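**Student:** Got coords28.cif for you, mmCIF, C-alpha atoms:
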data_target
#
loop_
_atom_site.label_atom_id
_atom_site.label_comp_id
_atom_site.auth_asym_id
_atom_site.auth_seq_id
_atom_site.Cartn_x
_atom_site.Cartn_y
_atom_site.Cartn_z
CA MET Z 1 19.72 -29.88 -9.80
CA LYS Z 2 18.87 -31.17 -6.33
CA ILE Z 3 18.80 -28.13 -4.05
CA ALA Z 4 18.33 -27.92 -0.29
CA ILE Z 5 16.75 -24.64 0.85
CA VAL Z 6 17.16 -23.58 4.47
CA CYS Z 7 14.99 -20.70 5.71
CA TYR Z 8 12.78 -19.45 8.51
CA PRO Z 9 9.28 -20.90 7.93
CA THR Z 10 7.41 -17.79 9.12
CA PHE Z 11 5.42 -14.91 7.55
CA GLY Z 12 8.60 -12.78 7.39
CA GLY Z 13 9.97 -11.62 4.06
CA SER Z 14 12.99 -13.94 3.94
CA GLY Z 15 10.85 -17.04 4.52
CA VAL Z 16 8.31 -16.01 1.90
CA VAL Z 17 11.00 -15.25 -0.69
CA ALA Z 18 12.83 -18.54 -0.01
CA THR Z 19 9.61 -20.53 -0.30
CA GLU Z 20 8.45 -18.86 -3.51
CA LEU Z 21 11.93 -19.27 -4.98
CA GLY Z 22 11.91 -22.98 -4.18
CA LEU Z 23 8.46 -23.48 -5.68
CA GLU Z 24 9.45 -21.72 -8.91
CA LEU Z 25 12.66 -23.74 -9.13
CA ALA Z 26 10.57 -26.89 -8.74
CA ARG Z 27 8.31 -25.76 -11.58
CA ARG Z 28 11.45 -25.35 -13.66
CA GLY Z 29 12.35 -29.01 -13.08
CA HIS Z 30 14.72 -28.84 -10.09
CA GLU Z 31 14.29 -31.12 -7.08
CA ILE Z 32 13.81 -28.93 -4.02
CA HIS Z 33 14.23 -29.97 -0.38
CA PHE Z 34 13.07 -27.47 2.27
CA ILE Z 35 14.86 -28.11 5.57
CA THR Z 36 13.61 -26.16 8.60
CA TYR Z 37 11.88 -26.57 11.98
CA SER Z 38 8.30 -26.37 10.63
CA GLN Z 39 6.59 -26.28 7.28
CA PRO Z 40 6.96 -22.84 5.62
CA VAL Z 41 3.67 -20.92 5.65
CA ARG Z 42 3.45 -20.58 1.86
CA LEU Z 43 4.72 -24.05 1.03
CA ALA Z 44 2.42 -26.24 -1.08
CA LEU Z 45 3.57 -29.85 -1.27
CA LEU Z 46 1.53 -30.79 -4.33
CA ASN Z 47 4.54 -30.68 -6.67
CA PRO Z 48 6.45 -33.99 -6.92
CA ASN Z 49 9.69 -31.97 -7.06
CA VAL Z 50 9.06 -30.36 -3.63
CA HIS Z 51 10.01 -32.08 -0.38
CA TYR Z 52 9.94 -30.89 3.23
CA HIS Z 53 12.16 -32.25 6.02
CA GLU Z 54 11.52 -31.15 9.60
CA VAL Z 55 14.43 -30.36 11.91
CA ASN Z 56 13.69 -31.83 15.32
CA VAL Z 57 15.52 -30.38 18.32
CA PRO Z 58 15.40 -32.89 21.21
CA GLU Z 59 14.85 -31.32 24.62
CA TYR Z 60 17.59 -32.03 27.11
CA PRO Z 61 17.64 -30.52 30.63
CA LEU Z 62 21.35 -29.72 30.38
CA PHE Z 63 20.65 -27.06 27.72
CA HIS Z 64 19.09 -23.77 28.78
CA TYR Z 65 18.56 -23.03 25.06
CA GLN Z 66 18.14 -26.00 22.74
CA PRO Z 67 20.97 -26.12 20.12
CA TYR Z 68 19.05 -25.59 16.85
CA GLU Z 69 22.24 -24.98 14.82
CA LEU Z 70 23.58 -28.38 15.86
CA ALA Z 71 20.34 -30.15 14.96
CA LEU Z 72 20.10 -28.27 11.64
CA SER Z 73 23.68 -29.05 10.55
CA SER Z 74 23.18 -32.74 11.42
CA LYS Z 75 19.89 -32.82 9.47
CA LEU Z 76 21.59 -31.21 6.47
CA VAL Z 77 24.30 -33.88 6.50
CA ASP Z 78 21.71 -36.68 6.64
CA MET Z 79 19.56 -35.19 3.85
CA VAL Z 80 22.51 -34.49 1.54
CA LYS Z 81 23.64 -38.11 1.84
CA LEU Z 82 20.15 -39.61 1.59
CA TYR Z 83 18.91 -37.58 -1.39
CA LYS Z 84 22.27 -36.92 -3.11
CA ILE Z 85 21.68 -33.16 -2.89
CA ASP Z 86 23.91 -31.04 -5.14
CA LEU Z 87 23.78 -27.64 -3.46
CA LEU Z 88 22.73 -25.83 -0.26
CA HIS Z 89 20.94 -22.48 -0.48
CA VAL Z 90 20.66 -20.90 2.96
CA HIS Z 91 18.57 -17.78 3.60
CA TYR Z 92 19.61 -15.56 6.50
CA ALA Z 93 23.16 -15.53 7.81
CA ILE Z 94 22.15 -16.34 11.40
CA PRO Z 95 22.08 -19.25 12.08
CA HIS Z 96 21.67 -20.87 8.68
CA ALA Z 97 24.97 -20.01 7.01
CA TYR Z 98 26.81 -21.04 10.16
CA ALA Z 99 24.97 -24.40 10.31
CA GLY Z 100 25.49 -24.85 6.58
CA TYR Z 101 29.24 -24.40 6.93
CA MET Z 102 29.37 -26.99 9.73
CA ALA Z 103 27.41 -29.42 7.53
CA LYS Z 104 29.85 -28.82 4.68
CA GLN Z 105 32.78 -29.65 6.95
CA MET Z 106 31.17 -32.84 8.24
CA LEU Z 107 30.40 -33.95 4.70
CA LYS Z 108 33.91 -33.06 3.55
CA ALA Z 109 35.30 -35.41 6.21
CA GLU Z 110 33.34 -38.18 4.47
CA GLY Z 111 34.61 -37.21 1.03
CA ILE Z 112 31.47 -35.31 -0.05
CA LYS Z 113 31.90 -31.80 -1.43
CA ILE Z 114 28.84 -29.57 -1.64
CA PRO Z 115 28.69 -25.82 -2.39
CA MET Z 116 26.68 -23.35 -0.31
CA VAL Z 117 24.90 -20.22 -1.53
CA THR Z 118 24.03 -17.71 1.21
CA THR Z 119 21.37 -15.04 0.69
CA LEU Z 120 21.40 -12.01 3.00
CA HIS Z 121 17.98 -10.49 3.65
CA GLY Z 122 18.41 -7.56 6.02
CA THR Z 123 18.10 -7.82 9.78
CA ASP Z 124 20.47 -10.80 9.73
CA ILE Z 125 23.08 -8.17 8.81
CA THR Z 126 21.96 -4.77 10.05
CA LEU Z 127 20.39 -5.77 13.37
CA VAL Z 128 21.05 -9.30 14.67
CA GLY Z 129 24.24 -10.02 12.78
CA ASN Z 130 25.86 -6.73 13.72
CA HIS Z 131 25.55 -7.49 17.45
CA PRO Z 132 29.05 -7.94 18.95
CA PHE Z 133 28.08 -11.42 20.20
CA TYR Z 134 27.35 -12.65 16.66
CA LYS Z 135 29.54 -10.50 14.42
CA PRO Z 136 32.58 -12.83 14.23
CA ALA Z 137 30.36 -15.84 13.40
CA VAL Z 138 28.46 -13.88 10.73
CA SER Z 139 31.67 -12.64 9.06
CA PHE Z 140 33.11 -16.15 9.14
CA SER Z 141 29.96 -17.77 7.70
CA ILE Z 142 29.67 -15.27 4.84
CA ASN Z 143 33.34 -15.56 3.94
CA LYS Z 144 33.11 -19.36 3.96
CA SER Z 145 30.09 -19.39 1.63
CA ASP Z 146 30.82 -20.34 -1.97
CA VAL Z 147 28.45 -17.70 -3.36
CA VAL Z 148 26.81 -14.79 -1.49
CA THR Z 149 23.79 -12.77 -2.61
CA SER Z 150 21.91 -9.82 -1.12
CA VAL Z 151 18.41 -8.60 -1.92
CA SER Z 152 19.47 -5.01 -2.64
CA GLN Z 153 22.49 -2.89 -3.47
CA ASN Z 154 21.95 -1.01 -0.22
CA LEU Z 155 22.18 -4.23 1.81
CA LYS Z 156 25.32 -5.20 -0.07
CA ASP Z 157 26.89 -1.83 0.77
CA GLU Z 158 25.85 -2.15 4.42
CA THR Z 159 27.33 -5.64 4.65
CA TYR Z 160 30.70 -4.46 3.37
CA LYS Z 161 30.55 -1.50 5.75
CA LEU Z 162 29.66 -3.50 8.86
CA PHE Z 163 31.70 -6.68 8.32
CA ASN Z 164 35.12 -7.68 7.07
CA ILE Z 165 33.83 -9.50 4.00
CA LYS Z 166 36.27 -10.82 1.41
CA ARG Z 167 33.68 -12.48 -0.81
CA GLU Z 168 31.96 -10.88 -3.78
CA ILE Z 169 28.30 -10.20 -3.02
CA HIS Z 170 25.87 -10.53 -5.95
CA VAL Z 171 22.72 -8.40 -5.86
CA ILE Z 172 19.60 -10.39 -6.76
CA PRO Z 173 16.46 -8.46 -5.83
CA ASN Z 174 13.35 -9.91 -4.27
CA PHE Z 175 10.56 -10.76 -6.68
CA ILE Z 176 6.83 -11.08 -7.19
CA GLU Z 177 4.88 -13.82 -8.95
CA LEU Z 178 2.78 -11.74 -11.31
CA ASP Z 179 0.97 -14.77 -12.73
CA LYS Z 180 -0.79 -15.09 -9.36
CA ILE Z 181 -2.34 -11.64 -9.63
CA LYS Z 182 -5.95 -12.12 -10.59
CA ILE Z 183 -8.22 -9.07 -10.70
CA ASP Z 184 -11.74 -9.94 -9.55
CA SER Z 185 -14.39 -8.78 -12.03
CA ASN Z 186 -16.68 -7.97 -9.08
CA ILE Z 187 -14.07 -5.79 -7.37
CA ALA Z 188 -16.33 -2.71 -7.17
CA CYS Z 189 -19.00 -4.72 -5.37
CA HIS Z 190 -16.58 -6.30 -2.88
CA ARG Z 191 -14.76 -3.00 -2.31
CA SER Z 192 -17.88 -1.50 -0.77
CA VAL Z 193 -17.37 -3.69 2.30
CA MET Z 194 -14.40 -1.50 3.30
CA ALA Z 195 -15.21 1.96 1.94
CA ASN Z 196 -17.84 4.04 0.20
CA GLU Z 197 -17.54 4.60 -3.53
CA SER Z 198 -16.43 8.20 -2.91
CA GLU Z 199 -13.64 7.17 -0.51
CA LYS Z 200 -10.07 6.20 -1.38
CA ILE Z 201 -8.56 3.15 0.29
CA ILE Z 202 -5.08 3.51 1.79
CA THR Z 203 -3.24 0.45 3.13
CA HIS Z 204 -0.26 -0.49 5.27
CA ILE Z 205 0.95 -4.07 5.83
CA SER Z 206 3.72 -5.02 8.27
CA ASN Z 207 4.69 -6.68 11.55
CA PHE Z 208 4.03 -3.41 13.42
CA ARG Z 209 7.53 -3.10 14.85
CA LYS Z 210 9.10 0.26 15.74
CA VAL Z 211 11.22 0.20 12.57
CA LYS Z 212 7.97 0.48 10.54
CA ARG Z 213 7.18 3.86 12.18
CA ILE Z 214 3.53 2.96 12.72
CA PRO Z 215 2.58 6.32 14.37
CA ASP Z 216 3.85 8.08 11.22
CA ILE Z 217 1.34 6.10 9.16
CA ILE Z 218 -1.52 7.27 11.36
CA GLU Z 219 -0.29 10.90 11.25
CA ILE Z 220 0.09 10.78 7.45
CA PHE Z 221 -3.41 9.38 7.05
CA TYR Z 222 -4.81 11.98 9.45
CA LYS Z 223 -3.54 14.72 7.11
CA ILE Z 224 -4.74 12.89 3.97
CA GLN Z 225 -8.31 12.37 5.20
CA GLN Z 226 -8.64 16.06 5.98
CA GLN Z 227 -8.56 16.72 2.23
CA ILE Z 228 -9.43 13.37 0.60
CA PRO Z 229 -12.37 11.21 1.78
CA SER Z 230 -10.58 7.97 2.64
CA LYS Z 231 -10.23 4.89 4.82
CA LEU Z 232 -7.03 3.34 6.18
CA MET Z 233 -6.49 -0.44 6.23
CA MET Z 234 -3.89 -1.54 8.81
CA VAL Z 235 -2.93 -5.16 8.14
CA GLY Z 236 -0.68 -7.09 10.51
CA ASP Z 237 0.07 -7.35 14.19
CA GLY Z 238 2.88 -6.50 16.55
CA PRO Z 239 4.04 -4.35 19.47
CA GLU Z 240 3.05 -1.00 17.91
CA LYS Z 241 -0.56 -1.93 17.17
CA GLU Z 242 -1.92 -0.67 20.49
CA VAL Z 243 0.04 2.57 20.07
CA ALA Z 244 -1.61 3.06 16.68
CA GLU Z 245 -5.10 2.32 18.01
CA ASN Z 246 -4.64 4.83 20.83
CA LEU Z 247 -3.38 7.48 18.41
CA CYS Z 248 -6.40 6.95 16.15
CA GLN Z 249 -8.67 7.49 19.12
CA LYS Z 250 -6.77 10.62 20.17
CA LEU Z 251 -7.03 12.09 16.65
CA GLY Z 252 -10.70 11.18 16.36
CA ILE Z 253 -10.29 8.95 13.29
CA SER Z 254 -11.00 5.50 14.75
CA ASP Z 255 -14.07 5.19 12.54
CA LYS Z 256 -11.89 5.65 9.46
CA VAL Z 257 -9.21 3.06 10.32
CA ILE Z 258 -9.66 -0.71 10.17
CA PHE Z 259 -7.18 -2.97 12.00
CA PHE Z 260 -7.26 -6.42 10.42
CA GLY Z 261 -4.51 -8.18 12.38
CA ASN Z 262 -2.68 -10.92 10.47
CA SER Z 263 -4.83 -11.65 7.43
CA ASN Z 264 -4.97 -14.36 4.78
CA GLU Z 265 -6.74 -11.95 2.44
CA ILE Z 266 -3.86 -9.58 1.72
CA ASP Z 267 -4.25 -9.96 -2.05
CA LYS Z 268 -7.93 -9.07 -1.84
CA ILE Z 269 -7.20 -6.00 0.29
CA LEU Z 270 -4.47 -4.84 -2.10
CA SER Z 271 -6.78 -5.31 -5.08
CA TYR Z 272 -9.08 -2.66 -3.56
CA THR Z 273 -6.28 -0.32 -2.47
CA ASP Z 274 -5.56 3.07 -4.04
CA LEU Z 275 -2.34 3.94 -2.17
CA PHE Z 276 0.20 2.08 -0.01
CA LEU Z 277 2.12 3.68 2.90
CA LEU Z 278 5.57 2.47 3.97
CA PRO Z 279 7.42 5.22 5.92
CA SER Z 280 9.88 2.76 7.54
CA GLU Z 281 13.06 3.70 9.38
CA THR Z 282 14.76 1.27 7.02
CA GLU Z 283 13.92 -1.60 4.66
CA SER Z 284 16.55 -3.90 3.21
CA PHE Z 285 14.37 -4.19 0.11
CA GLY Z 286 10.70 -3.33 0.63
CA LEU Z 287 8.85 -6.51 -0.37
CA ALA Z 288 5.53 -5.17 0.94
CA ALA Z 289 5.87 -2.19 -1.41
CA LEU Z 290 6.58 -4.49 -4.36
CA GLU Z 291 3.56 -6.67 -3.55
CA ALA Z 292 1.38 -3.55 -3.52
CA MET Z 293 2.82 -2.34 -6.82
CA ALA Z 294 2.11 -5.72 -8.40
CA TRP Z 295 -1.57 -4.96 -7.77
CA GLY Z 296 -1.15 -1.57 -9.43
CA VAL Z 297 -0.95 0.35 -6.16
CA PRO Z 298 1.38 3.39 -6.00
CA VAL Z 299 3.59 3.73 -2.91
CA ILE Z 300 4.42 6.58 -0.55
CA SER Z 301 7.57 5.55 1.31
CA SER Z 302 10.71 6.71 3.02
CA ASN Z 303 13.90 6.84 0.96
CA SER Z 304 15.75 4.59 3.39
CA GLY Z 305 17.59 1.32 2.75
CA GLY Z 306 16.65 -0.48 -0.44
CA LEU Z 307 13.33 1.32 -0.99
CA PRO Z 308 14.64 3.63 -3.77
CA GLU Z 309 15.59 0.44 -5.67
CA VAL Z 310 11.92 -0.63 -5.68
CA ASN Z 311 9.78 2.51 -5.47
CA PHE Z 312 10.82 4.83 -8.29
CA GLU Z 313 10.46 8.53 -7.42
CA GLY Z 314 7.66 10.23 -9.36
CA VAL Z 315 6.91 7.02 -11.27
CA SER Z 316 5.53 4.31 -9.00
CA GLY Z 317 5.08 6.75 -6.12
CA TYR Z 318 7.15 9.16 -4.04
CA LEU Z 319 10.05 8.92 -1.57
CA SER Z 320 10.72 11.22 1.38
CA ASP Z 321 13.21 11.46 4.22
CA VAL Z 322 12.41 9.29 7.24
CA GLY Z 323 9.96 11.13 9.51
CA ASN Z 324 8.93 13.76 6.97
CA ILE Z 325 5.22 13.21 7.60
CA GLU Z 326 4.15 16.51 6.01
CA GLU Z 327 5.84 15.79 2.66
CA MET Z 328 4.55 12.19 2.59
CA ALA Z 329 1.00 13.39 3.20
CA GLN Z 330 1.25 16.07 0.50
CA ASN Z 331 2.64 13.57 -2.00
CA ALA Z 332 -0.21 11.19 -1.18
CA ILE Z 333 -2.76 13.95 -1.73
CA LYS Z 334 -1.04 14.88 -5.01
CA ILE Z 335 -1.67 11.33 -6.29
CA LEU Z 336 -5.16 10.83 -4.86
CA LYS Z 337 -6.83 14.17 -5.62
CA ASP Z 338 -7.03 13.58 -9.39
CA ASP Z 339 -8.33 10.28 -10.78
CA THR Z 340 -6.34 10.72 -13.99
CA ILE Z 341 -3.09 11.16 -12.04
CA LEU Z 342 -3.98 8.21 -9.80
CA ALA Z 343 -4.67 6.00 -12.82
CA LYS Z 344 -1.26 6.90 -14.30
CA PHE Z 345 0.56 6.10 -11.05
CA LYS Z 346 -1.31 2.79 -10.81
CA GLU Z 347 -0.24 1.92 -14.35
CA ASN Z 348 3.36 2.92 -13.59
CA ALA Z 349 3.41 0.91 -10.35
CA LEU Z 350 2.47 -2.27 -12.20
CA SER Z 351 5.00 -1.52 -14.94
CA VAL Z 352 7.81 -1.21 -12.38
CA ALA Z 353 6.67 -4.37 -10.59
CA LYS Z 354 6.94 -6.33 -13.85
CA GLN Z 355 10.71 -5.78 -13.75
CA PHE Z 356 10.74 -7.89 -10.57
CA ASP Z 357 8.63 -10.73 -11.92
CA ILE Z 358 9.83 -14.10 -10.61
CA LYS Z 359 10.46 -15.32 -14.16
CA ASN Z 360 13.08 -12.57 -14.58
CA ILE Z 361 14.79 -13.16 -11.23
CA VAL Z 362 14.99 -16.94 -10.76
CA PRO Z 363 17.33 -17.47 -13.77
CA LEU Z 364 19.82 -15.19 -11.97
CA TYR Z 365 19.87 -17.67 -9.08
CA GLU Z 366 20.21 -20.60 -11.47
CA ASP Z 367 23.27 -18.99 -13.06
CA LEU Z 368 24.88 -18.59 -9.62
CA TYR Z 369 24.06 -22.19 -8.72
CA LYS Z 370 25.95 -23.32 -11.83
CA GLU Z 371 28.85 -21.05 -10.86
CA ALA Z 372 28.94 -22.49 -7.34
CA LEU Z 373 28.86 -26.06 -8.68
CA SER Z 374 31.66 -25.33 -11.14
CA LYS Z 375 33.82 -23.96 -8.30
CA ASN Z 376 33.15 -27.10 -6.29
CA ILE Z 377 34.46 -29.56 -8.90
#
Re-express the file's structure as structure tokens.

**Tutor:**
Amino acid sequence: MKIAIVCYPTFGGSGVVATELGLELARRGHEIHFITYSQPVRLALLNPNVHYHEVNVPEYPLFHYQPYELALSSKLVDMVKLYKIDLLHVHYAIPHAYAGYMAKQMLKAEGIKIPMVTTLHGTDITLVGNHPFYKPAVSFSINKSDVVTSVSQNLKDETYKLFNIKREIHVIPNFIELDKIKIDSNIACHRSVMANESEKIITHISNFRKVKRIPDIIEIFYKIQQQIPSKLMMVGDGPEKEVAENLCQKLGISDKVIFFGNSNEIDKILSYTDLFLLPSETESFGLAALEAMAWGVPVISSNSGGLPEVNFEGVSGYLSDVGNIEEMAQNAIKILKDDTILAKFKENALSVAKQFDIKNIVPLYEDLYKEALSKNI
């Protein structure tokens, strides 16, 4: 198949998932065309089946905001005709499904029929898409898609609750590429850069927005380190970083917390990590938790959104109500205080992650592509 993938090219979860999906599809023999405003951060163009087409938005003084949707839909039309693309797969309802529908209509006027698969990732539904200004357009775009998927059952339920959706929504979870996980034989030596041999390493990775409840992470760690010698790795950047740094100073634990900012060494950090914290207000799926589990790292998380579909209670870690700092800290201590218990949770975390291996998930998309193409005949 020749598939056009439309996504945000940034570090965010939807862009990463779309890029990794496209690369795996290319490895499976499909011709993949990424169409977006800049090259996706994880996109490697060394595969002859992978192509990237930049959407240029010309500046014009008449427009206060440049019309990206218009430029994107026009680019989609041109690329479909030039490369004889069979199917559009758009990630994120706003603005990609809307632009995709407009492209479909323009192509239809020229006698070209092409199906569109729309994948919902989270904030495009629960935050941005639910805004009264966008809600009619989001409902329309989803209903006009030929096939719709969501990354969790929770997100599917939320979509039906928030919008008047008449389409069936298929749940296809996010995934991890386990073949990329390579344990360094010198891990013990490298680990000493971040912590002493007697200390446990606890990690959080995010964009440091309010929804991630960054102060909760600091408070949880504060309680953990009172009983377990440990260090906290804070990876990422965002508006709550300064709040976290100030709280560390106030609690007197600044020497035990390392702020990395945005890092290209996430895999290395996770390979040293003993426990991952994700106490978010909500997560549509919890990709950061899955990435940690793929490295054999158990997870302490909230039970909000799609997290219970990824982090299995008492198996790969523990779940607590949002804001229940005391219980999260006690569950963390329960895992960390005994090396035998920690080793079992690490083993379980990897076992759960294997269920989400990319090789198990991508065929589900391929089946839906065939369904969409059959409907389009």

**Student:** At a cut-off of 12 Å, using only C-alpha atoms, what residues contact Pro363 in chain Z? Leave out same-chain residues fewer than 4 positions from it and give the result as a PyMOL selection string.

**Tutor:** chain Z and resi 21+24-25+28+172+175+357-359+367-370

**Student:** Neighbours of Ile32 in chain Z within 10 Å (only C-alpha atoms; same-chain residues fewer than 2 positions away dropped), as number ranges by chain?

**Tutor:** Z: 1-5, 21-27, 29-30, 34-35, 47-52, 85

**Student:** Please provide as a PyMOL selection string all residues within 10 Å of Leu336 in chain Z, with the sequence filter that same-chain residues fewer than 2 positions apart are discarded (counting only C-alpha atoms).

**Tutor:** chain Z and resi 200-202+224+227-230+274-275+298+330-334+338-343+345

**Student:** Apply the PyMOL selection byres ((chain Z and resi 166) around 12) to the structure shown and report the selected residues as a list in words.

**Tutor:**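 Applying the PyMOL selection byres ((chain Z and resi 166) around 12) to the structure shown produces Ser139, Phe140, Ser141, Ile142, Asn143, Lys144, Ser145, Asp146, Val147, Val148, Thr159, Tyr160, Lys161, Phe163, Asn164, Ile165, Arg167, Glu168 and Ile169 of chain Z.
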
**Student:** Run through the PyMOL selection byres ((chain Z and resi 295) around 10) on the given coordinates and return the selected residues as a PDB file with C-alpha atoms, keeping the file's coordinate frame.

**Tutor:**
ATOM      1  CA  LEU Z 178       2.780 -11.740 -11.310  1.00  0.00           C
ATOM      2  CA  ILE Z 181      -2.340 -11.640  -9.630  1.00  0.00           C
ATOM      3  CA  LYS Z 182      -5.950 -12.120 -10.590  1.00  0.00           C
ATOM      4  CA  ILE Z 183      -8.220  -9.070 -10.700  1.00  0.00           C
ATOM      5  CA  ASP Z 267      -4.250  -9.960  -2.050  1.00  0.00           C
ATOM      6  CA  LYS Z 268      -7.930  -9.070  -1.840  1.00  0.00           C
ATOM      7  CA  ILE Z 269      -7.200  -6.000   0.290  1.00  0.00           C
ATOM      8  CA  LEU Z 270      -4.470  -4.840  -2.100  1.00  0.00           C
ATOM      9  CA  SER Z 271      -6.780  -5.310  -5.080  1.00  0.00           C
ATOM     10  CA  TYR Z 272      -9.080  -2.660  -3.560  1.00  0.00           C
ATOM     11  CA  THR Z 273      -6.280  -0.320  -2.470  1.00  0.00           C
ATOM     12  CA  ASP Z 274      -5.560   3.070  -4.040  1.00  0.00           C
ATOM     13  CA  LEU Z 290       6.580  -4.490  -4.360  1.00  0.00           C
ATOM     14  CA  GLU Z 291       3.560  -6.670  -3.550  1.00  0.00           C
ATOM     15  CA  ALA Z 292       1.380  -3.550  -3.520  1.00  0.00           C
ATOM     16  CA  MET Z 293       2.820  -2.340  -6.820  1.00  0.00           C
ATOM     17  CA  ALA Z 294       2.110  -5.720  -8.400  1.00  0.00           C
ATOM     18  CA  GLY Z 296      -1.150  -1.570  -9.430  1.00  0.00           C
ATOM     19  CA  VAL Z 297      -0.950   0.350  -6.160  1.00  0.00           C
ATOM     20  CA  PRO Z 298       1.380   3.390  -6.000  1.00  0.00           C
ATOM     21  CA  LYS Z 346      -1.310   2.790 -10.810  1.00  0.00           C
ATOM     22  CA  GLU Z 347      -0.240   1.920 -14.350  1.00  0.00           C
ATOM     23  CA  ALA Z 349       3.410   0.910 -10.350  1.00  0.00           C
ATOM     24  CA  LEU Z 350       2.470  -2.270 -12.200  1.00  0.00           C
ATOM     25  CA  ALA Z 353       6.670  -4.370 -10.590  1.00  0.00           C
TER      26      ALA Z 353
END

**Student:** Within 12 Å of (1.2, 9.6, 10.5) (coordinates as in the file), grab all the protein and nucleic acid residues, counting all atoms listed in the file, and write them out as an MDAnalysis selection string.

**Tutor:** chainID Z and resid 204 212:225 232 243:244 247:248 251 253 277:280 300:301 322:330 332

**Student:** Here is a test: counting all atoms listed in the file, which residue of Z:Pro9, Z:Pro173, Z:Gly305, Z:Gly238 is nearest to Leu155 in chain Z?

**Tutor:** Z:Gly305

**Student:** Interatomic distance between CA of Thr149 in chain Z and CA of His121 in chain Z?

**Tutor:**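 Going from CA of Thr149 in chain Z over to CA of His121 in chain Z, I get 8.8 Å.
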
**Student:** Centre and edge lengths of an axis-aligned box around all listed atoms of range 28-39 of chain Z, with 6 Å added on each side, are to be given in Å to one decimal, as JSON.

**Tutor:**
{"center_x": 10.7, "center_y": -28.2, "center_z": -0.8, "size_x": 20.3, "size_y": 17.8, "size_z": 37.6}

**Student:** Nearest residue to Val17 in chain Z out of Z:Met102, Z:Ala372, Z:Val151, Z:Val352, using only C-alpha atoms?

**Tutor:**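 Smallest distance to Val17 in chain Z is found for Z:Val151.
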